[in-house]
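A.B. asks: To be precise about what I am sending: the file is called structure-v6.pdb and holds PDB, C-alpha atoms and all ligand atoms.
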ATOM      1  CA  MET X   1      30.814 114.349 106.751
ATOM      2  CA  LYS X   2      33.110 115.594 109.497
ATOM      3  CA  LEU X   3      32.273 114.920 113.144
ATOM      4  CA  ALA X   4      33.918 116.310 116.266
ATOM      5  CA  VAL X   5      33.344 114.421 119.522
ATOM      6  CA  TYR X   6      33.939 116.581 122.600
ATOM      7  CA  GLY X   7      33.608 116.127 126.354
ATOM      8  CA  LYS X   8      35.357 116.315 129.691
ATOM      9  CA  GLY X   9      38.505 114.189 130.154
ATOM     10  CA  GLY X  10      37.757 110.552 131.033
ATOM     11  CA  ILE X  11      34.055 110.857 130.231
ATOM     12  CA  GLY X  12      34.176 108.229 127.460
ATOM     13  CA  LYS X  13      34.892 110.211 124.268
ATOM     14  CA  SER X  14      37.361 107.718 122.822
ATOM     15  CA  THR X  15      35.195 104.724 123.715
ATOM     16  CA  THR X  16      32.219 106.419 122.113
ATOM     17  CA  SER X  17      34.244 107.597 119.098
ATOM     18  CA  CYS X  18      35.733 104.165 118.323
ATOM     19  CA  ASN X  19      32.389 102.397 118.541
ATOM     20  CA  ILE X  20      30.592 105.073 116.473
ATOM     21  CA  SER X  21      33.386 104.854 113.871
ATOM     22  CA  ILE X  22      32.888 101.093 113.558
ATOM     23  CA  ALA X  23      29.105 101.490 113.490
ATOM     24  CA  LEU X  24      29.473 103.962 110.586
ATOM     25  CA  ALA X  25      31.883 101.589 108.817
ATOM     26  CA  LYS X  26      29.336  98.796 109.271
ATOM     27  CA  ARG X  27      26.854 101.022 107.476
ATOM     28  CA  GLY X  28      29.231 101.024 104.505
ATOM     29  CA  LYS X  29      31.094 104.284 105.103
ATOM     30  CA  LYS X  30      34.840 104.819 104.698
ATOM     31  CA  VAL X  31      35.846 106.214 108.085
ATOM     32  CA  LEU X  32      38.948 107.937 109.472
ATOM     33  CA  GLN X  33      39.200 108.607 113.203
ATOM     34  CA  ILE X  34      41.641 111.319 114.296
ATOM     35  CA  GLY X  35      42.606 111.343 117.972
ATOM     36  CA  CYS X  36      43.237 114.967 118.991
ATOM     37  CA  ASP X  37      43.791 114.380 122.700
ATOM     38  CA  PRO X  38      47.424 114.718 123.849
ATOM     39  CA  LYS X  39      46.751 111.396 125.691
ATOM     40  CA  HIS X  40      46.970 109.887 122.139
ATOM     41  CA  ASP X  41      45.003 106.733 123.051
ATOM     42  CA  SER X  42      41.895 107.601 121.060
ATOM     43  CA  THR X  43      42.356 104.777 118.557
ATOM     44  CA  PHE X  44      43.870 102.249 120.979
ATOM     45  CA  THR X  45      40.863  99.925 121.022
ATOM     46  CA  LEU X  46      40.655 100.055 117.200
ATOM     47  CA  THR X  47      44.291  99.132 116.520
ATOM     48  CA  GLY X  48      45.200  97.333 119.780
ATOM     49  CA  PHE X  49      48.322  99.465 120.253
ATOM     50  CA  LEU X  50      49.411 103.072 120.671
ATOM     51  CA  ILE X  51      50.157 104.226 117.141
ATOM     52  CA  PRO X  52      52.898 106.820 116.476
ATOM     53  CA  THR X  53      51.544 110.342 116.519
ATOM     54  CA  ILE X  54      51.671 112.797 113.619
ATOM     55  CA  ILE X  55      53.681 115.242 115.677
ATOM     56  CA  ASP X  56      56.271 112.582 116.626
ATOM     57  CA  THR X  57      56.528 111.435 113.007
ATOM     58  CA  LEU X  58      56.836 115.011 111.738
ATOM     59  CA  SER X  59      59.513 115.920 114.254
ATOM     60  CA  ALA X  60      61.449 112.698 113.495
ATOM     61  CA  LYS X  61      61.517 113.839 109.839
ATOM     62  CA  ASP X  62      62.355 117.456 110.682
ATOM     63  CA  TYR X  63      58.940 118.528 109.419
ATOM     64  CA  HIS X  64      59.769 117.445 105.857
ATOM     65  CA  TYR X  65      56.250 116.604 104.777
ATOM     66  CA  GLU X  66      57.519 115.165 101.494
ATOM     67  CA  ASP X  67      59.373 112.395 103.400
ATOM     68  CA  ILE X  68      56.214 111.090 105.024
ATOM     69  CA  TRP X  69      54.044 108.369 103.483
ATOM     70  CA  PRO X  70      50.403 107.677 104.368
ATOM     71  CA  GLU X  71      51.403 104.347 105.978
ATOM     72  CA  ASP X  72      53.726 106.231 108.391
ATOM     73  CA  VAL X  73      50.763 107.952 110.021
ATOM     74  CA  ILE X  74      47.520 106.211 108.966
ATOM     75  CA  TYR X  75      46.954 102.814 110.564
ATOM     76  CA  GLY X  76      44.219 100.327 109.730
ATOM     77  CA  GLY X  77      41.927  99.552 112.659
ATOM     78  CA  TYR X  78      39.158  97.103 113.426
ATOM     79  CA  GLY X  79      36.199  97.058 111.048
ATOM     80  CA  GLY X  80      38.145  98.873 108.321
ATOM     81  CA  VAL X  81      38.324 102.141 110.296
ATOM     82  CA  ASP X  82      41.509 104.097 109.533
ATOM     83  CA  CYS X  83      43.240 105.696 112.499
ATOM     84  CA  VAL X  84      45.438 108.735 113.102
ATOM     85  CA  GLU X  85      46.732 110.195 116.372
ATOM     86  CA  ALA X  86      47.581 113.900 116.184
ATOM     87  CA  GLY X  87      49.590 113.814 119.420
ATOM     88  CA  GLY X  88      50.111 116.676 121.794
ATOM     89  CA  PRO X  89      52.223 119.781 122.057
ATOM     90  CA  PRO X  90      55.045 119.572 124.612
ATOM     91  CA  ALA X  91      53.493 119.837 128.121
ATOM     92  CA  GLY X  92      53.284 123.437 129.270
ATOM     93  CA  ALA X  93      54.303 124.747 125.856
ATOM     94  CA  GLY X  94      52.738 124.923 122.427
ATOM     95  CA  CYS X  95      49.133 124.718 121.455
ATOM     96  CA  GLY X  96      46.698 121.906 120.706
ATOM     97  CA  GLY X  97      45.327 123.927 117.802
ATOM     98  CA  TYR X  98      48.720 123.924 116.127
ATOM     99  CA  VAL X  99      48.850 120.122 116.389
ATOM    100  CA  VAL X 100      45.400 119.700 114.837
ATOM    101  CA  GLY X 101      46.303 122.200 112.099
ATOM    102  CA  GLU X 102      49.516 120.305 111.257
ATOM    103  CA  THR X 103      47.604 117.022 111.210
ATOM    104  CA  VAL X 104      44.998 118.286 108.763
ATOM    105  CA  LYS X 105      47.725 119.925 106.645
ATOM    106  CA  LEU X 106      49.680 116.661 106.423
ATOM    107  CA  LEU X 107      46.567 114.606 105.608
ATOM    108  CA  LYS X 108      45.766 117.065 102.821
ATOM    109  CA  GLU X 109      49.353 116.794 101.488
ATOM    110  CA  LEU X 110      48.930 113.010 101.482
ATOM    111  CA  ASN X 111      45.658 113.385  99.575
ATOM    112  CA  ALA X 112      43.950 111.558 102.421
ATOM    113  CA  PHE X 113      41.757 114.294 103.882
ATOM    114  CA  PHE X 114      39.117 114.189 101.168
ATOM    115  CA  GLU X 115      39.188 110.426 100.652
ATOM    116  CA  TYR X 116      36.849 109.523 103.472
ATOM    117  CA  ASP X 117      33.058 109.576 103.757
ATOM    118  CA  ILE X 118      33.415 110.346 107.449
ATOM    119  CA  ILE X 119      36.242 111.915 109.443
ATOM    120  CA  LEU X 120      35.712 111.798 113.187
ATOM    121  CA  PHE X 121      37.830 114.033 115.444
ATOM    122  CA  ASP X 122      38.043 112.817 119.059
ATOM    123  CA  VAL X 123      38.822 115.926 121.103
ATOM    124  CA  LEU X 124      39.529 116.778 124.719
ATOM    125  CA  GLY X 125      37.017 119.354 125.914
ATOM    126  CA  ASP X 126      37.995 120.430 129.420
ATOM    127  CA  VAL X 127      39.957 123.418 128.227
ATOM    128  CA  VAL X 128      38.079 125.148 125.479
ATOM    129  CA  CYS X 129      40.892 127.429 124.351
ATOM    130  CA  GLY X 130      41.217 128.367 120.686
ATOM    131  CA  GLY X 131      43.448 125.345 120.146
ATOM    132  CA  PHE X 132      41.077 122.747 121.417
ATOM    133  CA  ALA X 133      38.262 124.333 119.442
ATOM    134  CA  ALA X 134      40.333 123.927 116.231
ATOM    135  CA  PRO X 135      38.584 120.723 115.010
ATOM    136  CA  LEU X 136      35.332 122.693 114.983
ATOM    137  CA  ASN X 137      36.785 124.604 112.005
ATOM    138  CA  TYR X 138      36.491 121.411 109.960
ATOM    139  CA  ALA X 139      33.407 119.783 111.482
ATOM    140  CA  ASP X 140      29.853 119.658 110.167
ATOM    141  CA  TYR X 141      28.598 118.308 113.481
ATOM    142  CA  CYS X 142      29.773 118.469 117.075
ATOM    143  CA  ILE X 143      28.732 115.689 119.463
ATOM    144  CA  ILE X 144      29.173 116.132 123.218
ATOM    145  CA  VAL X 145      29.688 113.200 125.592
ATOM    146  CA  THR X 146      28.588 113.816 129.180
ATOM    147  CA  ASP X 147      27.452 111.974 132.263
ATOM    148  CA  ASN X 148      24.644 113.011 134.592
ATOM    149  CA  GLY X 149      26.926 115.087 136.832
ATOM    150  CA  PHE X 150      27.734 118.749 137.256
ATOM    151  CA  ASP X 151      31.352 118.737 136.000
ATOM    152  CA  ALA X 152      30.685 117.031 132.675
ATOM    153  CA  LEU X 153      27.615 119.212 132.067
ATOM    154  CA  PHE X 154      29.665 122.284 132.934
ATOM    155  CA  ALA X 155      32.237 121.215 130.299
ATOM    156  CA  ALA X 156      29.370 120.455 127.870
ATOM    157  CA  ASN X 157      28.045 123.979 128.334
ATOM    158  CA  ARG X 158      31.486 125.464 127.564
ATOM    159  CA  ILE X 159      31.690 123.336 124.433
ATOM    160  CA  ALA X 160      28.177 124.465 123.447
ATOM    161  CA  ALA X 161      29.459 128.060 123.721
ATOM    162  CA  SER X 162      32.365 127.214 121.387
ATOM    163  CA  VAL X 163      29.958 125.669 118.876
ATOM    164  CA  ARG X 164      27.771 128.787 118.973
ATOM    165  CA  GLU X 165      30.856 130.957 118.402
ATOM    166  CA  LYS X 166      32.267 128.833 115.525
ATOM    167  CA  ALA X 167      28.839 128.526 113.895
ATOM    168  CA  ARG X 168      29.002 132.273 113.167
ATOM    169  CA  THR X 169      31.646 131.628 110.527
ATOM    170  CA  HIS X 170      31.378 127.886 109.797
ATOM    171  CA  PRO X 171      28.494 125.633 108.710
ATOM    172  CA  LEU X 172      28.673 123.836 112.072
ATOM    173  CA  ARG X 173      25.793 122.347 114.080
ATOM    174  CA  LEU X 174      25.563 120.546 117.397
ATOM    175  CA  ALA X 175      24.132 117.092 116.615
ATOM    176  CA  GLY X 176      23.438 116.492 120.301
ATOM    177  CA  LEU X 177      24.528 115.045 123.620
ATOM    178  CA  ILE X 178      25.426 111.443 124.345
ATOM    179  CA  GLY X 179      24.931 110.472 127.969
ATOM    180  CA  ASN X 180      27.567 107.951 129.025
ATOM    181  CA  ARG X 181      28.214 105.770 132.071
ATOM    182  CA  THR X 182      24.967 106.766 133.736
ATOM    183  CA  SER X 183      21.640 105.074 134.327
ATOM    184  CA  LYS X 184      20.107 108.366 135.465
ATOM    185  CA  ARG X 185      19.499 111.316 133.184
ATOM    186  CA  ASP X 186      17.654 113.818 135.374
ATOM    187  CA  LEU X 187      20.383 116.492 135.222
ATOM    188  CA  ILE X 188      20.982 115.886 131.527
ATOM    189  CA  ASP X 189      17.255 116.416 130.921
ATOM    190  CA  LYS X 190      17.232 119.520 133.083
ATOM    191  CA  TYR X 191      20.136 120.910 131.060
ATOM    192  CA  VAL X 192      18.640 120.187 127.628
ATOM    193  CA  PHE X 193      15.340 121.670 128.775
ATOM    194  CA  ALA X 194      17.133 124.932 129.625
ATOM    195  CA  CYS X 195      19.501 124.804 126.649
ATOM    196  CA  PRO X 196      17.599 122.916 123.959
ATOM    197  CA  MET X 197      19.586 120.279 122.091
ATOM    198  CA  PRO X 198      18.926 116.663 121.094
ATOM    199  CA  VAL X 199      20.010 113.720 123.243
ATOM    200  CA  LEU X 200      21.222 111.044 120.819
ATOM    201  CA  GLU X 201      21.585 108.193 123.340
ATOM    202  CA  VAL X 202      22.166 107.523 127.036
ATOM    203  CA  LEU X 203      24.443 104.574 127.828
ATOM    204  CA  PRO X 204      24.663 103.078 131.294
ATOM    205  CA  LEU X 205      27.857 101.960 133.015
ATOM    206  CA  ILE X 206      28.697  98.773 131.160
ATOM    207  CA  GLU X 207      31.262  96.410 132.615
ATOM    208  CA  GLU X 208      32.089  95.038 129.146
ATOM    209  CA  ILE X 209      33.198  98.515 128.044
ATOM    210  CA  ARG X 210      35.682  98.691 130.896
ATOM    211  CA  ILE X 211      36.954  95.219 130.003
ATOM    212  CA  SER X 212      37.133  96.102 126.303
ATOM    213  CA  ARG X 213      39.431  99.048 127.119
ATOM    214  CA  VAL X 214      41.750  96.794 129.117
ATOM    215  CA  LYS X 215      41.807  94.241 126.292
ATOM    216  CA  GLY X 216      42.481  96.951 123.704
ATOM    217  CA  LYS X 217      39.406  95.976 121.692
ATOM    218  CA  THR X 218      36.150  97.722 120.890
ATOM    219  CA  LEU X 219      32.763  96.358 121.889
ATOM    220  CA  PHE X 220      32.154  95.321 118.289
ATOM    221  CA  GLU X 221      35.332  93.243 118.216
ATOM    222  CA  MET X 222      34.555  91.679 121.613
ATOM    223  CA  SER X 223      31.105  90.846 120.356
ATOM    224  CA  SER X 224      32.575  89.260 117.232
ATOM    225  CA  ILE X 225      35.044  87.195 119.293
ATOM    226  CA  LEU X 226      32.185  85.991 121.469
ATOM    227  CA  ALA X 227      30.260  85.028 118.355
ATOM    228  CA  HIS X 228      33.227  83.309 116.668
ATOM    229  CA  PRO X 229      35.519  82.260 119.545
ATOM    230  CA  LEU X 230      37.281  79.456 117.689
ATOM    231  CA  GLU X 231      38.137  81.496 114.617
ATOM    232  CA  ASN X 232      39.369  84.443 116.587
ATOM    233  CA  ASN X 233      41.356  82.748 119.328
ATOM    234  CA  GLN X 234      43.809  80.046 118.449
ATOM    235  CA  ASP X 235      45.448  80.168 121.861
ATOM    236  CA  SER X 236      43.639  77.717 124.159
ATOM    237  CA  ALA X 237      44.207  79.557 127.461
ATOM    238  CA  LYS X 238      42.824  82.671 125.839
ATOM    239  CA  GLN X 239      39.929  80.610 124.482
ATOM    240  CA  ASN X 240      39.017  79.310 127.939
ATOM    241  CA  LEU X 241      39.041  82.802 129.333
ATOM    242  CA  MET X 242      36.916  83.954 126.430
ATOM    243  CA  HIS X 243      34.395  81.152 126.978
ATOM    244  CA  GLN X 244      34.197  82.003 130.651
ATOM    245  CA  HIS X 245      33.722  85.652 129.826
ATOM    246  CA  GLN X 246      31.232  84.742 127.121
ATOM    247  CA  ASP X 247      29.028  82.909 129.638
ATOM    248  CA  ASN X 248      29.084  85.852 132.047
ATOM    249  CA  PHE X 249      28.389  88.252 129.220
ATOM    250  CA  PHE X 250      25.428  86.282 127.892
ATOM    251  CA  THR X 251      23.940  85.671 131.332
ATOM    252  CA  LYS X 252      24.321  89.249 132.440
ATOM    253  CA  ASN X 253      23.010  90.778 129.268
ATOM    254  CA  LYS X 254      20.334  88.148 128.723
ATOM    255  CA  ILE X 255      21.571  87.510 125.202
ATOM    256  CA  ASP X 256      20.548  84.254 123.544
ATOM    257  CA  ASN X 257      23.714  82.149 123.573
ATOM    258  CA  ASN X 258      22.468  80.125 120.617
ATOM    259  CA  ALA X 259      21.691  83.150 118.509
ATOM    260  CA  ASN X 260      22.792  83.021 114.912
ATOM    261  CA  PRO X 261      26.413  84.270 115.018
ATOM    262  CA  GLU X 262      25.820  86.228 111.809
ATOM    263  CA  ASN X 263      23.344  88.381 113.702
ATOM    264  CA  MET X 264      25.512  88.912 116.759
ATOM    265  CA  TYR X 265      26.142  92.586 116.111
ATOM    266  CA  GLU X 266      22.455  93.207 115.753
ATOM    267  CA  ASN X 267      21.670  91.072 118.794
ATOM    268  CA  ASP X 268      24.148  92.823 120.982
ATOM    269  CA  TYR X 269      22.302  95.545 122.806
ATOM    270  CA  ILE X 270      25.472  97.543 123.501
ATOM    271  CA  CYS X 271      26.528  97.673 119.847
ATOM    272  CA  ASN X 272      22.984  98.723 119.027
ATOM    273  CA  PHE X 273      23.411 101.916 121.059
ATOM    274  CA  TYR X 274      26.241 102.900 118.713
ATOM    275  CA  LEU X 275      24.499 101.721 115.547
ATOM    276  CA  ASN X 276      21.541 103.872 116.573
ATOM    277  CA  ILE X 277      23.782 106.937 116.965
ATOM    278  CA  ALA X 278      25.420 106.225 113.578
ATOM    279  CA  ASP X 279      22.019 105.905 111.903
ATOM    280  CA  GLN X 280      20.874 109.224 113.361
ATOM    281  CA  LEU X 281      24.029 110.938 112.074
ATOM    282  CA  LEU X 282      23.647 109.413 108.628
ATOM    283  CA  THR X 283      20.258 111.082 108.256
ATOM    284  CA  GLU X 284      22.230 114.379 108.409
ATOM    285  CA  PRO X 285      20.052 115.788 111.195
ATOM    286  CA  GLU X 286      19.283 119.470 111.375
ATOM    287  CA  GLY X 287      21.087 119.779 114.729
ATOM    288  CA  VAL X 288      21.121 123.047 116.649
ATOM    289  CA  ILE X 289      23.189 126.148 117.205
ATOM    290  CA  PRO X 290      23.042 126.148 120.990
ATOM    291  CA  ARG X 291      22.662 129.143 123.230
ATOM    292  CA  GLU X 292      24.760 128.208 126.230
ATOM    293  CA  LEU X 293      23.757 129.095 129.797
ATOM    294  CA  SER X 294      25.750 131.611 131.792
ATOM    295  CA  ASP X 295      27.800 130.032 134.599
ATOM    296  CA  LYS X 296      25.356 131.519 137.092
ATOM    297  CA  GLU X 297      22.353 130.048 135.293
ATOM    298  CA  LEU X 298      24.055 126.668 135.140
ATOM    299  CA  PHE X 299      25.026 126.651 138.828
ATOM    300  CA  THR X 300      21.511 127.655 139.802
ATOM    301  CA  LEU X 301      19.923 125.122 137.492
ATOM    302  CA  LEU X 302      21.983 122.174 138.659
ATOM    303  CA  SER X 303      22.701 123.094 142.278
ATOM    304  CA  ASP X 304      19.182 124.197 143.231
ATOM    305  CA  PHE X 305      18.077 120.789 142.232
ATOM    306  CA  TYR X 306      20.487 119.182 144.668
ATOM    307  CA  LEU X 307      19.462 121.508 147.486
ATOM    308  CA  LYS X 308      15.806 120.575 147.083
ATOM    309  CA  VAL X 309      16.366 116.811 147.308
TER
HETATM  310  P1  LIG F   1      38.011 109.895 127.290
HETATM  311  O1  LIG F   1      38.383 109.583 125.882
HETATM  312  O2  LIG F   1      36.844 110.830 127.378
HETATM  313  O3  LIG F   1      39.173 110.375 128.104
HETATM  314  P2  LIG F   1      37.680 107.037 127.530
HETATM  315  O4  LIG F   1      36.812 106.715 126.365
HETATM  316  O5  LIG F   1      39.130 106.725 127.417
HETATM  317  O6  LIG F   1      37.498 108.550 127.974
HETATM  318  O7  LIG F   1      37.026 106.306 128.779
HETATM  319  C1  LIG F   1      37.628 106.373 130.072
HETATM  320  C2  LIG F   1      37.427 105.031 130.767
HETATM  321  O8  LIG F   1      36.056 104.824 131.036
HETATM  322  C3  LIG F   1      37.907 103.848 129.925
HETATM  323  O9  LIG F   1      38.551 102.931 130.758
HETATM  324  C4  LIG F   1      36.610 103.249 129.383
HETATM  325  O10 LIG F   1      36.715 101.866 129.176
HETATM  326  C5  LIG F   1      35.620 103.569 130.506
HETATM  327  N1  LIG F   1      34.244 103.724 129.997
HETATM  328  C6  LIG F   1      33.822 104.582 129.043
HETATM  329  N2  LIG F   1      32.488 104.473 128.850
HETATM  330  C7  LIG F   1      32.045 103.514 129.713
HETATM  331  C8  LIG F   1      30.766 102.909 130.008
HETATM  332  N3  LIG F   1      29.636 103.303 129.376
HETATM  333  N4  LIG F   1      30.737 101.935 130.948
HETATM  334  C9  LIG F   1      31.851 101.548 131.595
HETATM  335  N5  LIG F   1      33.078 102.056 131.369
HETATM  336  C10 LIG F   1      33.192 103.031 130.439
HETATM  337 MG    MG F   2      40.223 109.840 124.927
END
Could you render the structure as structure tokens?
C.D. replies:
Amino acid sequence: MKLAVYGKGGIGKSTTSCNISIALAKRGKKVLQIGCDPKHDSTFTLTGFLIPTIIDTLSAKDYHYEDIWPEDVIYGGYGGVDCVEAGGPPAGAGCGGYVVGETVKLLKELNAFFEYDIILFDVLGDVVCGGFAAPLNYADYCIIVTDNGFDALFAANRIAASVREKARTHPLRLAGLIGNRTSKRDLIDKYVFACPMPVLEVLPLIEEIRISRVKGKTLFEMSSILAHPLENNQDSAKQNLMHQHQDNFFTKNKIDNNANPENMYENDYICNFYLNIADQLLTEPEGVIPRELSDKELFTLLSDFYLKV
């Protein structure tokens, strides 16, 4: 199954992608995550560092595909998730679509593209030019990450239009929206009422997610460290910090500190958001071919609402 996660820049695509990838791996799937954002930090919390991009590796080898080995471009990440960063075209020149095309071509040459149960493309969705829509050529499902605000929903609507367009020639469906970093969902609900599509989950602003990004770890790994602090942290200063953080985490999230460590993933309400999304995707949902709103309809829908409050 191929998934393409889209959304406005900074909305939480990579956070969502990494945690969904691990959730799918926890369900026994062999997963590859491909970062297709020129920011090339999609897989940072999975690997803990910025891995070399495909484009950098290709240009270092003068585009001699035969000189590149899988280990040059595919890096093992947390939870057994394999990671690739496509990289970006030079700023102001070149095309994101070319980069994605080269990435898929190389992975096919390396016999890696068909080896995975799930390939997840993490894609920037502000600019829906042909290039940025390229991963939709390979995807079975598109997932859109949004918050409860106008800008992200505007981007979501543009992405919905791209899905509708690609679905004419590809077996592509929109699996649904994921609301992120918002405790309110009134505008999201207004949008999906006007442009029917499923909402897979709505995640609030979670301080631990912000911290996990700074630490270069996913929520699942943080949760595992909290459950097994001694095994995971040999360094005592780090351990103290972890214990301190652990107390805050448990108090704030009302998690039973004495819970059986084996069940930590299941006990952790944040990880459960992602496991729930993974489980929905694994049922191979019908999804939708959306009919996007016109800009005018969208402005009226979302702005009228503000004017009335
Ligand atoms: P994108 O890939 O869409 O550019 P990121 O996944 O990199 O966005 O997220 C941008 C920032 O927002 C990161 O620092 C991340 O830790 C933070 N973030 C994402 N989702 C949440 C959330 N639900 N709660 C708190 N912070 C979040
Ligand atoms: Mg990103």
A.B. asks: So that I can check the surroundings of Ser183 of chain X, please list as number ranges by chain every protein, DNA and RNA residue that reaches within 12 Å of it, counting only C-alpha atoms and ignoring chain neighbours fewer than 4 positions away.
C.D. replies: X: 147-149, 179, 187-188, 201-206
A.B. asks: For a cutoff of 7 Å around the file-coordinate point (21.5, 106.8, 118.4), which residues qualify once you count all atoms listed in the file? I'd like the result as an NGL selection string.
C.D. replies: :X and (200-201 or 273-280)
A.B. asks: Just how far from atom CA of Tyr138 of chain X is atom CA of Ala4 of chain X, in Å to one decimal?
C.D. replies: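 Taking atom CA of Ala4 of chain X as the start and atom CA of Tyr138 of chain X as the end point, the length is 8.5 Å.
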A.B. asks: Taking only C-alpha atoms and all ligand atoms into account, report as number ranges by chain which residues have an atom no farther than 10 Å from an atom of ligand MG 2 (chain F).
C.D. replies: X: 5-18, 35-44, 122-124
A.B. asks: Box for ligand LIG 1 (chain F) - axis-aligned, 8 Å on each of the six sides, all listed atoms - centre and size in Å to one decimal, as lines of an AutoDock Vina configuration file.
C.D. replies:
center_x = 34.4
center_y = 106.2
center_z = 128.7
size_x = 25.5
size_y = 25.3
size_z = 21.7
A.B. asks: Please compute the atom CA of Thr300 of chain X-atom CA of Val288 of chain X distance, one decimal, in Å.
C.D. replies: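 One can read the atom CA of Thr300 of chain X to atom CA of Val288 of chain X distance as 23.6 Å.
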A.B. asks: For atom CA of Ile211 of chain X and atom N5 of ligand LIG 1 (chain F), determine how far apart the two atoms are, in Å to one decimal place.
C.D. replies: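 Separating atom CA of Ile211 of chain X from atom N5 of ligand LIG 1 (chain F) is a distance of 8.0 Å.
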A.B. asks: Of the candidates X:Gly287, X:Gly87, X:Gly125, X:Pro196, which one gets nearest to ligand LIG 1 (chain F) if we count only C-alpha atoms and all ligand atoms?
C.D. replies: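 Closest to ligand LIG 1 (chain F) of all the choices is X:Gly125.
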A.B. asks: Measuring atom to atom with only C-alpha atoms, identify which of X:Phe49, X:Tyr116, X:Tyr269, X:Phe299 is nearest to Phe150 of chain X.
C.D. replies: X:Phe299
